[in-house]
Amino acid sequence: MKITPTFAAVLLGLTAMNSYAVEFVLTDSMLAKEVGNWQVTHDSLGFTDSHPFSIEKRQLHGGKQTGVDVLIIDNGILSITLVPTRGMGIYDVKMDGQRILGWNSPVKEIVNPAFIDLESRNGLGWLDGFNEMLVRCGYEWTGHPGIDDNGQLLSLHGRVQNTPASTVKVIIDDTPPHKITVEGKVAERTFKKAELVTLTRLEVTPGNNTFAIHDTLTNKADYDDEYQIIYHSNFGRPILEEGAKVTAAASEISPFNDYAQAGLKSWQTYLGPTKGFDEMVFNLKPIGDENGHSLAVLHNKAANKGVAVGYNVQQLPVLTLWKNTDTEQQGYVTGIEPGTSYAYNTKYQRPLGLVPTIKAGESKDFNVTYTVLRDHKEVQQALQAVQKIQKNVPLKTSNTLIVDLNKVQ
């Protein structure tokens, strides 16, 4: 069925993009447009040739989540909760009504950025809202808080995750398999400082166990600027447990700091919830195939459920592994984090060549895919894909700190 402009206008007061897709504009700050609670389904579009799907927009109420918009994209297999108010991050992903990707943070609400002061706690205010499965860290800067070379306080992991989207659109292909795209524009604009605009896209196909992030960062200013990005991808139960394992295509791994040195030999495996366990972070140098594509896989002890994170090393040349196997109440979670940079403060990464420049008017693309691994076969297929990329490249284990925080502080 073709969605014609006339039919779309009658159906939902919106217009078609072209003869092959229909576009629904949910938010547009320039037009002061906000549709409120909203829903579309395969039935409402008259798709009889589609796997069942639905997309619902809700506004949350109560506490610090007051005014937060969420979009729930259910493709018949996965139910993805996207949060336009929080930089188009992903709160969690459910399968069969149960969370499969995400984690239990002490932060229970999806916090409106209006209630967050990024510079509180000496730049750690970002943690007041940290509970998502996917958090974009950047783009003007990322990493641990601290004073930059120019004297400016850089708060933890930048501003983009606490910046509401200026526009939000849902685009659905008219032809099978009716791919769903949720597009949002997030702008970091400060007079005399930055004009970085990111067009984010979440793509998912009905009936599929994979979804993809396609982001385009553009420097709208007339001057070149620095940028950084970490795709902070966070997983807890049911995948994370004692004996869970992570595998990544990489040529080298080293500890982030002194504390992580003690866990270097067992970096691939996980403890159960452990009181007194401080976070351990490891820096990996990933490798890709002939096209730069790389893969990291996390699976449970039985290797019958897991997640595969795919990315491109030409866009995201480093990988951070964050192990936070503290108690359940404190936040039992691990992070698989491809990025342009490690988690050090920006001033320590410039000498490493990990603070790239984006020229005036230039755009940079970043692509990350997530695949929910539903059984032993899918886990093994993902692990084989990692091994295919790894080939005969040995993984070098280095106990040397690439940034010795004891010396630089």
# chains A, B, ... in the order shown; residues from 1 in each chain; ligands from 1
>>> residues_around(residues="Val393 (chain A)", least_positions_apart="4", cutoff="10 Å", atoms="only C-alpha atoms", output="VMD selection string")
chain A and resid 249 to 252 287 387 389
>>> write_last_selection(atoms="N, CA, C and O atoms", output="PDB file, in the first residue's frame")
ATOM      1  N   ALA A 249      37.047  -7.891  19.345  1.00  0.00           N
ATOM      2  CA  ALA A 249      38.148  -7.918  18.384  1.00  0.00           C
ATOM      3  C   ALA A 249      39.071  -6.742  18.688  1.00  0.00           C
ATOM      4  O   ALA A 249      38.683  -5.581  18.545  1.00  0.00           O
ATOM      5  N   ALA A 250      40.301  -7.058  19.122  1.00  0.00           N
ATOM      6  CA  ALA A 250      41.209  -5.995  19.547  1.00  0.00           C
ATOM      7  C   ALA A 250      42.649  -6.466  19.461  1.00  0.00           C
ATOM      8  O   ALA A 250      42.936  -7.671  19.515  1.00  0.00           O
ATOM      9  N   SER A 251      43.562  -5.514  19.348  1.00  0.00           N
ATOM     10  CA  SER A 251      44.990  -5.836  19.284  1.00  0.00           C
ATOM     11  C   SER A 251      45.696  -5.593  20.603  1.00  0.00           C
ATOM     12  O   SER A 251      46.788  -6.131  20.827  1.00  0.00           O
ATOM     13  N   GLU A 252      45.088  -4.775  21.482  1.00  0.00           N
ATOM     14  CA  GLU A 252      45.757  -4.461  22.750  1.00  0.00           C
ATOM     15  C   GLU A 252      44.736  -4.063  23.795  1.00  0.00           C
ATOM     16  O   GLU A 252      43.707  -3.452  23.483  1.00  0.00           O
ATOM     17  N   ILE A 287      40.209  -3.738  16.481  1.00  0.00           N
ATOM     18  CA  ILE A 287      40.560  -3.943  15.081  1.00  0.00           C
ATOM     19  C   ILE A 287      39.287  -4.231  14.306  1.00  0.00           C
ATOM     20  O   ILE A 287      38.296  -4.728  14.858  1.00  0.00           O
ATOM     21  N   GLN A 387      35.783 -13.677  16.056  1.00  0.00           N
ATOM     22  CA  GLN A 387      36.995 -14.422  15.730  1.00  0.00           C
ATOM     23  C   GLN A 387      37.411 -14.211  14.277  1.00  0.00           C
ATOM     24  O   GLN A 387      38.604 -14.144  13.961  1.00  0.00           O
ATOM     25  N   ILE A 389      37.033 -11.511  12.560  1.00  0.00           N
ATOM     26  CA  ILE A 389      37.700 -10.206  12.504  1.00  0.00           C
ATOM     27  C   ILE A 389      39.082 -10.292  13.132  1.00  0.00           C
ATOM     28  O   ILE A 389      40.061  -9.737  12.618  1.00  0.00           O
TER      29      ILE A 389
END
>>> closest_atom_pairs(of="region 49-121 of chain A", to="region 212-231 of chain A", cutoff="12 Å", atoms="only C-alpha atoms", output="CSV")
residue,atom,partner,partner_atom,distance
A:Ile80,CA,A:Ala212,CA,11.5
A:Leu82,CA,A:Ile213,CA,11.6
A:Gly87,CA,A:Asp215,CA,11.8
A:Met88,CA,A:Ile213,CA,10.3
A:Gly89,CA,A:Tyr231,CA,9.9
A:Ile90,CA,A:Ile213,CA,10.3
>>> write_last_selection(atoms="C-alpha atoms", output="PDB file, in the first residue's frame")
ATOM      1  CA  ILE A  80      12.809  -0.034  22.544  1.00  0.00           C
ATOM      2  CA  LEU A  82      13.821   6.023  23.293  1.00  0.00           C
ATOM      3  CA  GLY A  87      19.534  13.474  23.907  1.00  0.00           C
ATOM      4  CA  MET A  88      17.725  10.671  22.028  1.00  0.00           C
ATOM      5  CA  GLY A  89      19.242   8.105  24.391  1.00  0.00           C
ATOM      6  CA  ILE A  90      17.785   4.617  24.843  1.00  0.00           C
TER       7      ILE A  90
END
>>> closest_atom_pairs(of="region 109-211 of chain A", to="region 361-381 of chain A", cutoff="8 Å", atoms="only C-alpha atoms", output="Markdown table")
| residue | atom | partner | partner_atom | distance |
| --- | --- | --- | --- | --- |
| A:Asn209 | CA | A:Val372 | CA | 5.6 |
| A:Thr210 | CA | A:Thr371 | CA | 4.2 |
| A:Phe211 | CA | A:Tyr370 | CA | 5.5 |
>>> write_last_selection(atoms="N, CA and C atoms", output="PDB file, in the first residue's frame")
ATOM      1  N   ASN A 209      15.762  -8.710  15.352  1.00  0.00           N
ATOM      2  CA  ASN A 209      16.359  -8.626  16.680  1.00  0.00           C
ATOM      3  C   ASN A 209      17.581  -7.705  16.715  1.00  0.00           C
ATOM      4  N   THR A 210      17.748  -6.890  15.677  1.00  0.00           N
ATOM      5  CA  THR A 210      18.841  -5.932  15.586  1.00  0.00           C
ATOM      6  C   THR A 210      18.281  -4.530  15.402  1.00  0.00           C
ATOM      7  N   PHE A 211      18.915  -3.545  16.019  1.00  0.00           N
ATOM      8  CA  PHE A 211      18.583  -2.150  15.742  1.00  0.00           C
ATOM      9  C   PHE A 211      19.886  -1.374  15.607  1.00  0.00           C
TER      10      PHE A 211
END
>>> select_by_dssp(residues="region 147-283 of chain A", states="helix (DSSP H, G or I)", output="list in words")
Val160, Gln161, Asn162, Asp258, Tyr259, Ala260 and Gln261 of chain A
>>> residues_around(residues="region 397-405 of chain A", least_positions_apart="4", cutoff="10 Å", atoms="only C-alpha atoms", output="count of residues only")
22
>>> residues_around(residues="Leu154 (chain A)", least_positions_apart="3", cutoff="10 Å", atoms="only C-alpha atoms", output="JSON, numbers by chain")
{"A": [118, 119, 122, 123, 124, 140, 141, 142, 143, 144, 145, 146, 147, 148, 151, 157, 158, 159, 345, 346, 347]}
>>> select_by_dssp(residues="region 247-395 of chain A", states="strand (DSSP E)", output="ChimeraX atom specification")
/A:247-248,250-255,280-286,293-299,306-312,318-325,332-339,357-358,363-373
